[in-house]
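Enquirer: Hey, dropping upload01.cif in here, mmCIF, C-alpha atoms and all ligand atoms:
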```
data_model
loop_
_atom_site.label_atom_id
_atom_site.label_comp_id
_atom_site.auth_asym_id
_atom_site.auth_seq_id
_atom_site.Cartn_x
_atom_site.Cartn_y
_atom_site.Cartn_z
CA MET A 1 6.99 -65.22 -129.65
CA SER A 2 6.30 -64.91 -125.93
CA GLY A 3 5.87 -61.18 -126.45
CA ILE A 4 2.86 -61.69 -128.71
CA LYS A 5 1.35 -64.17 -126.28
CA ASP A 6 1.77 -61.73 -123.39
CA LEU A 7 0.08 -59.03 -125.46
CA LEU A 8 -2.83 -61.28 -126.46
CA PHE A 9 -3.41 -62.52 -122.94
CA LYS A 10 -3.47 -59.09 -121.34
CA MET A 11 -5.79 -57.68 -124.01
CA ALA A 12 -8.14 -60.66 -123.88
CA ASP A 13 -8.21 -60.69 -120.07
CA ASP A 14 -8.92 -56.94 -119.92
CA ALA A 15 -11.83 -57.37 -122.34
CA LEU A 16 -13.23 -60.43 -120.57
CA ILE A 17 -13.12 -58.89 -117.11
CA ILE A 18 -14.47 -55.47 -118.03
CA GLY A 19 -17.13 -57.23 -120.10
CA HIS A 20 -18.27 -59.14 -117.03
CA ARG A 21 -18.19 -56.01 -114.91
CA ASN A 22 -20.24 -54.08 -117.50
CA SER A 23 -22.78 -56.89 -117.64
CA GLU A 24 -23.45 -56.36 -113.93
CA TRP A 25 -25.28 -53.16 -114.92
CA THR A 26 -27.92 -55.18 -116.74
CA GLY A 27 -31.25 -54.45 -115.10
CA ILE A 28 -29.92 -51.82 -112.69
CA GLY A 29 -28.65 -49.03 -114.99
CA PRO A 30 -29.80 -45.49 -114.13
CA VAL A 31 -32.03 -45.37 -117.23
CA LEU A 32 -33.16 -48.07 -119.64
CA GLU A 33 -30.92 -46.79 -122.43
CA GLU A 34 -27.91 -47.14 -120.17
CA ASP A 35 -28.93 -50.67 -119.34
CA LEU A 36 -28.90 -51.53 -123.02
CA ALA A 37 -25.66 -49.67 -123.59
CA PHE A 38 -23.77 -51.43 -120.83
CA SER A 39 -25.07 -54.86 -121.76
CA SER A 40 -24.30 -54.31 -125.46
CA MET A 41 -20.81 -53.17 -124.63
CA ALA A 42 -20.40 -56.19 -122.38
CA GLN A 43 -21.35 -58.48 -125.26
CA ASP A 44 -18.93 -56.72 -127.57
CA LYS A 45 -16.10 -56.98 -125.08
CA ILE A 46 -16.64 -60.66 -124.34
CA GLY A 47 -16.68 -61.23 -128.12
CA HIS A 48 -13.35 -59.43 -128.42
CA ALA A 49 -11.87 -61.52 -125.62
CA PHE A 50 -12.91 -64.72 -127.37
CA ALA A 51 -11.51 -63.56 -130.72
CA LEU A 52 -8.15 -63.04 -128.99
CA TYR A 53 -8.27 -66.34 -127.07
CA THR A 54 -8.98 -68.00 -130.41
CA ILE A 55 -5.73 -66.59 -131.82
CA LEU A 56 -3.88 -67.95 -128.77
CA HIS A 57 -5.44 -71.33 -129.39
CA GLU A 58 -4.96 -71.45 -133.15
CA SER A 59 -1.58 -69.74 -133.55
CA PHE A 60 0.15 -70.72 -130.31
CA GLY A 61 -1.36 -74.06 -129.34
CA GLU A 62 -2.88 -72.72 -126.13
CA ALA A 63 -6.01 -74.41 -124.71
CA GLU A 64 -9.52 -73.93 -126.12
CA PRO A 65 -10.91 -70.37 -125.72
CA ASP A 66 -13.44 -71.53 -123.08
CA THR A 67 -10.69 -73.10 -121.02
CA LEU A 68 -8.56 -69.96 -121.25
CA ALA A 69 -11.48 -67.80 -120.18
CA PHE A 70 -12.82 -69.88 -117.32
CA LYS A 71 -10.21 -72.38 -116.16
CA ARG A 72 -7.11 -70.35 -115.42
CA THR A 73 -5.90 -69.31 -111.99
CA GLU A 74 -5.90 -65.73 -110.80
CA LYS A 75 -2.11 -65.56 -111.15
CA GLU A 76 -2.37 -66.53 -114.82
CA PHE A 77 -4.66 -63.61 -115.58
CA LYS A 78 -2.87 -60.54 -116.97
CA CYS A 79 -5.64 -57.93 -116.83
CA CYS A 80 -4.92 -54.52 -115.31
CA GLN A 81 -6.46 -53.75 -111.93
CA LEU A 82 -8.67 -50.99 -113.36
CA VAL A 83 -11.00 -53.56 -114.95
CA GLU A 84 -11.24 -55.68 -111.80
CA LEU A 85 -12.73 -53.07 -109.53
CA PRO A 86 -16.40 -53.51 -108.61
CA ILE A 87 -18.89 -51.43 -110.59
CA GLY A 88 -19.43 -49.04 -107.67
CA GLU A 89 -21.53 -45.99 -108.39
CA TYR A 90 -22.50 -45.15 -111.94
CA ASP A 91 -19.98 -42.24 -111.99
CA PHE A 92 -17.12 -44.61 -111.41
CA SER A 93 -18.28 -47.18 -113.98
CA LEU A 94 -18.72 -44.44 -116.55
CA MET A 95 -15.32 -42.90 -115.84
CA ARG A 96 -13.62 -46.30 -115.99
CA HIS A 97 -15.37 -47.04 -119.28
CA PHE A 98 -14.22 -43.66 -120.66
CA LEU A 99 -10.57 -44.06 -119.59
CA PHE A 100 -10.38 -47.70 -120.63
CA ASP A 101 -12.10 -47.44 -124.01
CA HIS A 102 -10.00 -44.50 -125.18
CA ALA A 103 -6.97 -46.73 -124.62
CA GLU A 104 -8.68 -49.68 -126.33
CA SER A 105 -9.61 -47.62 -129.34
CA LEU A 106 -6.05 -46.36 -129.87
CA ARG A 107 -4.59 -49.80 -129.17
CA TYR A 108 -6.73 -51.48 -131.83
CA GLU A 109 -6.04 -48.68 -134.30
CA MET A 110 -2.31 -49.28 -133.84
CA LEU A 111 -2.74 -53.03 -134.07
CA ALA A 112 -4.70 -52.84 -137.31
CA ASN A 113 -1.25 -52.21 -138.85
CA SER A 114 0.50 -54.92 -136.86
CA SER A 115 3.01 -57.17 -138.62
CA PHE A 116 1.31 -60.10 -136.88
CA GLN A 117 -1.52 -60.78 -139.32
CA PRO A 118 -4.04 -62.69 -137.18
CA LEU A 119 -4.06 -59.84 -134.68
CA ALA A 120 -4.18 -57.16 -137.39
CA GLN A 121 -7.29 -58.83 -138.85
CA VAL A 122 -9.12 -58.93 -135.54
CA ALA A 123 -8.05 -55.35 -134.79
CA LYS A 124 -9.53 -54.10 -138.07
CA LYS A 125 -12.91 -55.47 -137.06
CA VAL A 126 -12.79 -54.49 -133.42
CA LYS A 127 -11.68 -50.89 -133.89
CA GLY A 128 -14.97 -50.03 -135.61
CA GLU A 129 -16.98 -51.44 -132.70
CA ILE A 130 -14.88 -49.68 -130.06
CA LYS A 131 -15.56 -46.32 -131.71
CA TYR A 132 -19.15 -46.62 -130.53
CA HIS A 133 -18.01 -47.36 -127.00
CA VAL A 134 -15.85 -44.24 -127.04
CA MET A 135 -18.62 -42.12 -128.48
CA HIS A 136 -20.96 -43.34 -125.79
CA ALA A 137 -18.49 -42.54 -123.02
CA ASP A 138 -17.63 -39.12 -124.44
CA SER A 139 -21.23 -38.00 -124.69
CA TRP A 140 -22.04 -38.99 -121.09
CA ILE A 141 -18.87 -37.43 -119.72
CA LYS A 142 -19.79 -34.17 -121.42
CA GLN A 143 -23.39 -34.34 -120.33
CA LEU A 144 -22.75 -35.11 -116.66
CA SER A 145 -19.87 -32.69 -116.31
CA ASN A 146 -22.01 -29.91 -117.72
CA GLY A 147 -24.87 -30.78 -115.41
CA THR A 148 -25.29 -29.54 -111.85
CA GLU A 149 -22.38 -28.56 -109.61
CA GLU A 150 -22.97 -31.80 -107.77
CA SER A 151 -22.78 -34.03 -110.83
CA LYS A 152 -19.62 -32.24 -111.94
CA ALA A 153 -18.01 -32.73 -108.52
CA ARG A 154 -18.91 -36.40 -108.62
CA MET A 155 -17.32 -36.81 -112.04
CA GLN A 156 -14.16 -35.09 -110.83
CA SER A 157 -13.87 -37.37 -107.82
CA ALA A 158 -14.53 -40.45 -109.98
CA LEU A 159 -11.73 -39.25 -112.26
CA ASN A 160 -9.33 -38.66 -109.37
CA PHE A 161 -10.02 -42.13 -108.05
CA ALA A 162 -9.84 -43.99 -111.38
CA PHE A 163 -6.86 -42.18 -112.88
CA PRO A 164 -3.99 -44.01 -111.07
CA TYR A 165 -5.67 -47.31 -111.95
CA ALA A 166 -5.94 -46.21 -115.59
CA LEU A 167 -2.18 -45.60 -115.65
CA GLY A 168 -1.85 -49.30 -114.81
CA ILE A 169 -3.25 -50.14 -118.27
CA PHE A 170 0.14 -49.13 -119.65
CA GLU A 171 2.34 -51.19 -117.32
CA THR A 172 5.08 -52.79 -119.40
CA VAL A 173 6.63 -56.24 -119.25
CA ASP A 174 10.13 -57.24 -120.46
CA SER A 175 8.87 -59.03 -123.57
CA GLU A 176 7.50 -55.78 -125.01
CA LYS A 177 10.79 -54.78 -126.62
CA GLU A 178 10.63 -57.61 -129.14
CA LEU A 179 7.13 -56.48 -130.15
CA ILE A 180 8.35 -52.99 -130.89
CA ASP A 181 11.43 -54.26 -132.75
CA SER A 182 9.36 -56.56 -134.95
CA ASN A 183 6.58 -54.01 -135.66
CA VAL A 184 3.92 -56.02 -133.91
CA PHE A 185 2.98 -53.19 -131.56
CA LEU A 186 4.24 -49.64 -130.98
CA GLY A 187 4.43 -50.15 -127.22
CA GLU A 188 2.63 -49.00 -124.09
CA ALA A 189 4.60 -45.76 -123.67
CA GLU A 190 3.52 -44.52 -127.10
CA LEU A 191 -0.03 -45.67 -126.42
CA GLN A 192 -0.14 -43.82 -123.10
CA LYS A 193 1.12 -40.65 -124.76
CA ARG A 194 -1.63 -40.70 -127.40
CA TRP A 195 -4.23 -41.70 -124.82
CA LEU A 196 -3.37 -38.80 -122.53
CA GLU A 197 -3.80 -36.35 -125.42
CA ASN A 198 -7.22 -37.74 -126.30
CA VAL A 199 -8.69 -38.06 -122.83
CA SER A 200 -7.29 -34.68 -121.74
CA ALA A 201 -8.99 -32.94 -124.64
CA ILE A 202 -12.40 -34.35 -123.70
CA LEU A 203 -11.99 -33.94 -119.93
CA GLN A 204 -10.77 -30.37 -120.14
CA GLY A 205 -13.49 -29.58 -122.66
CA ALA A 206 -15.96 -30.82 -120.05
CA GLY A 207 -14.40 -28.54 -117.44
CA LEU A 208 -12.70 -31.27 -115.42
CA THR A 209 -9.11 -31.16 -114.15
CA VAL A 210 -6.85 -33.90 -115.44
CA PRO A 211 -4.70 -35.29 -112.60
CA ALA A 212 -0.94 -35.13 -113.07
CA VAL A 213 0.65 -38.27 -114.49
CA ASP A 214 2.70 -39.55 -111.59
CA PRO A 215 4.28 -42.93 -112.47
CA SER A 216 4.87 -43.65 -108.77
CA LYS A 217 1.09 -43.59 -108.21
CA ALA A 218 0.22 -45.92 -111.13
CA VAL A 219 -1.56 -49.04 -109.88
CA ASN A 220 0.63 -51.66 -111.53
CA GLY A 221 0.97 -55.39 -111.06
CA GLY A 222 -1.89 -56.74 -113.16
CA ARG A 223 0.28 -57.41 -116.21
CA LYS A 224 2.55 -59.58 -114.05
CA GLY A 225 -0.26 -61.49 -112.37
CA PHE A 226 -0.63 -59.41 -109.21
CA HIS A 227 -4.22 -58.44 -108.72
CA SER A 228 -6.59 -56.58 -106.45
CA GLU A 229 -8.71 -58.46 -103.92
CA TYR A 230 -11.66 -58.17 -106.33
CA LEU A 231 -10.46 -60.42 -109.13
CA GLN A 232 -10.61 -63.82 -107.44
CA PRO A 233 -14.27 -63.53 -106.34
CA LEU A 234 -15.21 -62.47 -109.88
CA LEU A 235 -13.34 -65.40 -111.44
CA THR A 236 -15.04 -67.78 -109.01
CA GLU A 237 -18.42 -66.37 -109.94
CA MET A 238 -17.75 -66.58 -113.71
CA CYS A 239 -16.58 -70.13 -113.27
CA GLU A 240 -19.70 -71.12 -111.29
CA VAL A 241 -21.99 -69.81 -114.01
CA VAL A 242 -20.13 -71.89 -116.58
CA ASN A 243 -20.15 -75.00 -114.39
CA THR A 244 -23.87 -74.89 -113.61
CA ASP A 245 -24.72 -74.46 -117.27
CA PRO A 246 -22.01 -76.19 -119.29
CA ASP A 247 -23.76 -75.44 -122.59
CA ALA A 248 -24.22 -71.73 -121.96
CA GLU A 249 -23.14 -69.79 -125.00
CA TRP A 250 -21.01 -66.75 -124.43
CA MET B 1 -21.42 -89.49 -155.00
CA ASP B 2 -22.87 -89.23 -158.47
CA HIS B 3 -25.76 -86.82 -158.75
CA SER B 4 -28.10 -87.25 -161.67
CA ILE B 5 -28.53 -83.49 -161.67
CA ALA B 6 -25.36 -81.73 -160.62
CA ILE B 7 -25.64 -78.98 -158.03
CA THR B 8 -24.28 -75.69 -159.28
CA GLU B 9 -22.81 -72.81 -157.37
CA GLN B 10 -25.89 -70.82 -158.28
CA ASP B 11 -28.10 -73.37 -156.51
CA ILE B 12 -26.03 -72.81 -153.39
CA TRP B 13 -26.41 -69.03 -153.60
CA LEU B 14 -30.17 -69.41 -154.05
CA ALA B 15 -30.31 -71.59 -150.95
CA LEU B 16 -28.30 -68.99 -149.04
CA GLU B 17 -30.84 -66.33 -150.04
CA ARG B 18 -33.35 -68.32 -147.99
CA VAL B 19 -31.27 -68.03 -144.82
CA LYS B 20 -32.42 -64.90 -143.01
CA ASP B 21 -30.56 -62.81 -140.50
CA PRO B 22 -32.23 -63.86 -137.24
CA GLU B 23 -32.22 -60.27 -136.01
CA ILE B 24 -33.58 -58.78 -139.26
CA PRO B 25 -35.95 -61.31 -140.84
CA VAL B 26 -36.38 -59.33 -144.08
CA LEU B 27 -32.71 -59.64 -144.99
CA SER B 28 -30.89 -62.77 -146.06
CA LEU B 29 -27.27 -63.42 -145.24
CA VAL B 30 -26.54 -62.73 -148.91
CA ASP B 31 -28.25 -59.31 -148.63
CA MET B 32 -26.14 -58.67 -145.56
CA ALA B 33 -22.99 -59.48 -147.57
CA MET B 34 -22.02 -61.97 -144.91
CA ILE B 35 -21.20 -64.77 -147.33
CA SER B 36 -17.74 -64.11 -148.71
CA LYS B 37 -17.14 -67.27 -150.71
CA VAL B 38 -18.73 -70.54 -151.80
CA GLU B 39 -16.47 -73.46 -152.70
CA LEU B 40 -18.11 -76.42 -154.37
CA THR B 41 -16.60 -79.80 -155.18
CA ASN B 42 -18.28 -83.10 -156.03
CA GLU B 43 -18.18 -84.21 -152.43
CA LYS B 44 -18.92 -81.11 -150.46
CA CYS B 45 -19.60 -77.44 -150.22
CA VAL B 46 -17.65 -74.99 -148.07
CA ILE B 47 -19.31 -71.69 -147.19
CA HIS B 48 -17.09 -68.83 -146.00
CA PHE B 49 -18.97 -66.66 -143.62
CA THR B 50 -18.01 -63.18 -142.32
CA PRO B 51 -19.56 -62.08 -139.03
CA THR B 52 -20.76 -58.49 -138.67
CA PHE B 53 -19.89 -57.87 -135.03
CA VAL B 54 -17.15 -59.95 -133.44
CA GLY B 55 -19.30 -60.89 -130.45
CA CYS B 56 -22.56 -61.38 -132.35
CA PRO B 57 -24.60 -63.84 -130.25
CA ALA B 58 -26.51 -65.08 -133.30
CA LEU B 59 -23.35 -66.40 -134.94
CA ASP B 60 -23.75 -70.07 -134.09
CA MET B 61 -27.40 -69.98 -134.99
CA MET B 62 -26.61 -68.53 -138.42
CA LYS B 63 -23.93 -71.16 -139.02
CA ARG B 64 -26.43 -73.89 -138.19
CA ASP B 65 -29.11 -72.34 -140.41
CA ILE B 66 -26.70 -72.17 -143.36
CA LYS B 67 -25.69 -75.80 -142.95
CA THR B 68 -29.29 -76.99 -142.66
CA GLU B 69 -30.53 -75.02 -145.67
CA VAL B 70 -27.67 -75.94 -148.02
CA GLU B 71 -27.73 -79.59 -147.00
CA LEU B 72 -31.36 -79.75 -148.15
CA LEU B 73 -29.84 -79.69 -151.64
CA GLY B 74 -28.25 -83.03 -150.83
CA ILE B 75 -24.64 -82.02 -150.36
CA ALA B 76 -22.46 -82.17 -147.26
CA THR B 77 -21.79 -78.63 -146.11
CA GLU B 78 -19.18 -77.04 -143.94
CA VAL B 79 -19.41 -73.45 -142.70
CA VAL B 80 -16.17 -71.70 -141.83
CA LEU B 81 -15.69 -68.30 -140.24
CA ASP B 82 -13.77 -66.03 -142.55
CA MET B 83 -11.68 -63.89 -140.22
CA ASN B 84 -9.55 -62.60 -143.08
CA ASN B 85 -12.38 -60.63 -144.53
CA THR B 86 -13.52 -57.56 -142.62
CA TRP B 87 -17.23 -56.92 -142.78
CA SER B 88 -18.40 -53.37 -143.26
CA SER B 89 -21.93 -52.01 -143.53
CA ASP B 90 -20.80 -50.37 -146.78
CA LYS B 91 -20.84 -53.86 -148.31
CA MET B 92 -24.62 -54.12 -147.99
CA SER B 93 -26.39 -53.65 -151.34
CA THR B 94 -28.67 -50.69 -152.06
CA GLU B 95 -31.53 -53.14 -152.35
CA ALA B 96 -30.77 -54.49 -148.90
CA LYS B 97 -30.75 -50.99 -147.46
CA THR B 98 -34.14 -50.26 -149.03
CA LYS B 99 -35.60 -53.43 -147.51
CA LEU B 100 -34.20 -52.44 -144.15
CA GLU B 101 -35.79 -48.99 -144.28
CA LYS B 102 -39.17 -50.48 -145.25
CA PHE B 103 -38.86 -52.81 -142.28
CA GLY B 104 -38.61 -49.71 -140.06
CA ILE B 105 -34.89 -49.63 -139.37
CA ALA B 106 -32.84 -46.76 -140.77
CA PRO B 107 -30.13 -48.24 -143.01
CA PRO B 108 -26.46 -47.58 -142.24
CA VAL B 109 -25.08 -44.40 -143.78
CA THR B 110 -22.09 -44.86 -146.06
CA ILE B 111 -18.79 -44.35 -144.30
CA ASP B 112 -15.81 -43.91 -146.52
CA ASP B 113 -12.93 -46.14 -145.64
CA SER B 114 -13.81 -46.80 -142.01
CA GLU B 115 -13.54 -43.18 -140.86
CA LEU B 116 -16.61 -42.87 -138.75
CA THR B 117 -17.36 -39.23 -137.98
CA GLN B 118 -20.06 -37.59 -135.89
CA GLU B 119 -21.15 -35.74 -139.00
CA ALA B 120 -21.69 -38.98 -140.93
CA LEU B 121 -23.65 -40.40 -138.02
CA ASP B 122 -25.97 -37.43 -137.92
CA ARG B 123 -26.96 -37.82 -141.56
CA VAL B 124 -29.72 -40.29 -140.76
CA ARG B 125 -33.19 -40.29 -142.25
CA CYS B 126 -36.23 -41.34 -140.22
CA PRO B 127 -37.65 -44.60 -141.65
CA HIS B 128 -41.21 -43.49 -140.81
CA CYS B 129 -41.44 -39.96 -142.26
CA HIS B 130 -38.08 -39.60 -144.06
CA SER B 131 -37.13 -36.42 -142.24
CA THR B 132 -33.41 -36.00 -141.58
CA ASP B 133 -34.12 -33.92 -138.49
CA THR B 134 -33.08 -36.74 -136.17
CA THR B 135 -30.71 -37.19 -133.26
CA LEU B 136 -28.80 -40.02 -131.62
CA ARG B 137 -30.37 -41.17 -128.36
CA SER B 138 -28.07 -44.06 -127.62
CA ALA B 139 -25.34 -45.76 -129.61
CA PHE B 140 -26.68 -49.07 -128.29
CA GLY B 141 -30.05 -50.52 -129.19
CA SER B 142 -31.81 -53.84 -128.81
CA THR B 143 -29.03 -55.72 -130.64
CA LEU B 144 -25.31 -55.07 -131.12
CA CYS B 145 -25.82 -53.75 -134.63
CA ARG B 146 -28.45 -51.13 -133.78
CA ALA B 147 -28.48 -47.63 -132.33
CA ILE B 148 -31.51 -45.72 -131.02
CA ARG B 149 -32.44 -42.39 -132.60
CA PHE B 150 -35.28 -39.91 -132.25
CA CYS B 151 -37.07 -38.04 -135.03
CA PHE B 152 -38.06 -34.42 -134.26
CA ALA B 153 -40.45 -34.28 -137.23
CA CYS B 154 -42.75 -37.17 -136.32
CA LYS B 155 -41.72 -37.35 -132.65
CA GLN B 156 -41.00 -41.06 -132.77
CA GLY B 157 -38.04 -43.09 -131.73
CA PHE B 158 -36.53 -45.49 -134.24
CA GLU B 159 -33.63 -47.87 -134.58
CA GLN B 160 -30.74 -47.44 -136.95
CA PHE B 161 -28.41 -50.09 -138.28
CA LYS B 162 -25.04 -48.78 -137.14
CA PRO B 163 -22.53 -47.96 -139.83
CA ILE B 164 -19.38 -49.92 -139.09
ZN ZN C 301 -39.95 -39.22 -138.48
#
```
Could you render the structure as structure tokens?

Expert:
Amino acid sequence: MSGIKDLLFKMADDALIIGHRNSEWTGIGPVLEEDLAFSSMAQDKIGHAFALYTILHESFGEAEPDTLAFKRTEKEFKCCQLVELPIGEYDFSLMRHFLFDHAESLRYEMLANSSFQPLAQVAKKVKGEIKYHVMHADSWIKQLSNGTEESKARMQSALNFAFPYALGIFETVDSEKELIDSNVFLGEAELQKRWLENVSAILQGAGLTVPAVDPSKAVNGGRKGFHSEYLQPLLTEMCEVVNTDPDAEW
Amino acid sequence: MDHSIAITEQDIWLALERVKDPEIPVLSLVDMAMISKVELTNEKCVIHFTPTFVGCPALDMMKRDIKTEVELLGIATEVVLDMNNTWSSDKMSTEAKTKLEKFGIAPPVTIDDSELTQEALDRVRCPHCHSTDTTLRSAFGSTLCRAIRFCFACKQGFEQFKPI
């Protein structure tokens, strides 16, 4: 049972945190369409987080979704460090979105066949939405990498920077074995394998060099509650927004 | 409670036809295929409601609108989210899609069994001039359910209801 909870928490926390990061592009995106795209994706992601917190509440007796989202300590969050990083330049945000959403898409596709029904139901809905996020990322990666020498070099350096953090998405915890044994989830190793195939195809097609997968460089810790310096300030900020406007709808 | 004229399930469906999608005022929630079940007993009515997008911000508003409209019939109403039913744009009726196109939004193309391909996405007709010479500008429009496209024939941008 704790395996499913661990899985739900890390997925929900990833979605909540990247959703908040994406929403920071509202009003400052490079073009209006990108503004809309990032704020729509943020809304989708926060919706996904709440759907997962709702399962934790209804199937496992955890607190209300709002409490789980806004009243936990940093240590209790299980998001990977990739999603915590500040939005930085647009190149980085785009590359993070590309690397993260390819993993999300495959994860939800796997989970649509999960033996744990409440999660399988949510996954069936979410996987259709995530396809649009992936499509969006793919088309911009192709466009920018085929642009000027400068834009291509910037995409490559964004990739080199984000890649070790992206490997941290697939950090495993001990409770994963029971999930694999009971057909709840195929596991992070399998997910990473499929992810690497998909992202490599797009990146190489765009003329970028995929960094070598070096497990010793993976930025791990998030799944066990160890975070970057950027998470706490974000949690504080999210919490303040909720406290000043207790009826705000998310 | 003893009603002199009993409320039928059909009355409930008619009331639901009057509840519009707040983002697309020409379509009712019935047109949108968002009502998956109506349960009616002597004491109350339970409406099972399937959201389109998981994070749809209009969800609470729609739940309130349903409750208000059905309770005008004089029956206590409860609206429950039906998470066991997966909404798909393929569930929208042909009539609903026609209304959508007349409203100026390209209706969702049919996607067979959730396999969304680039090819299917490119098969979109402009709601203004009906040309299919159109291209995707952004997968994200003014609301979660819309994408932005451009028509080469009439040189206008338009929104499309995303197939999902
Ligand atoms: Zn046209």

Enquirer: Residues around (0.6, -50.4, -122.7), cut-off 9 Å, counting only C-alpha atoms - what are they as a list of chain:residue names?

Expert: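 Output of the proximity query reads A:Ala103, A:Arg107, A:Leu167, A:Gly168, A:Ile169, A:Phe170, A:Glu171, A:Thr172, A:Gly187, A:Glu188, A:Ala189, A:Glu190, A:Leu191, A:Gln192.
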
Enquirer: Pick out the closest residue to A:Pro233 from this set: A:Val31, A:Leu85, A:Ala166, A:Leu16. Count only C-alpha atoms.

Expert: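 The answer is A:Leu85, which sits nearest to A:Pro233.
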
Enquirer: Name the residues, by chain letter and number, that sit within 9 Å of ligand ZN 301 (chain C) using all atoms listed in the file, and give them as a PyMOL selection string.

Expert: chain B and resi 125-134+150-158

Enquirer: Got a sec to pull out which chain A residues are within 6 Å of chain B, counting only C-alpha atoms, and send them as a PyMOL selection string?

Expert: chain A and resi 37+40+44+47+125+128

Enquirer: Have a look at atom CA of A:Val83 and atom CA of A:His102 and let me know their distance in Å, one decimal.

Expert: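 Those two atoms sit 13.7 Å apart.
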
Enquirer: Would you mind reading off the distance between atom CA of A:Leu203 and atom CA of A:Ser151, one decimal, in Å?

Expert: 14.1 Å

Enquirer: In Å, how far is it from atom CA of B:Asp31 to atom CA of A:Lys131?

Expert: 24.8 Å

Enquirer: Which residues are close to stretch 73-77 of chain B, i.e. within 8 Å by only C-alpha atoms, leaving aside same-chain residues fewer than 5 positions away? Reply as an MDAnalysis selection string.

Expert: chainID B and resid 7 43:47 67

Enquirer: Adding 8 Å on each side of the box along x, y and z that holds all listed atoms of stretch 84-94 of chain B, could you give its centre and edge lengths in Å to one decimal, as lines of an AutoDock Vina configuration file?

Expert:
```
center_x = -19.1
center_y = -56.5
center_z = -147.3
size_x = 35.1
size_y = 28.2
size_z = 25.4
```
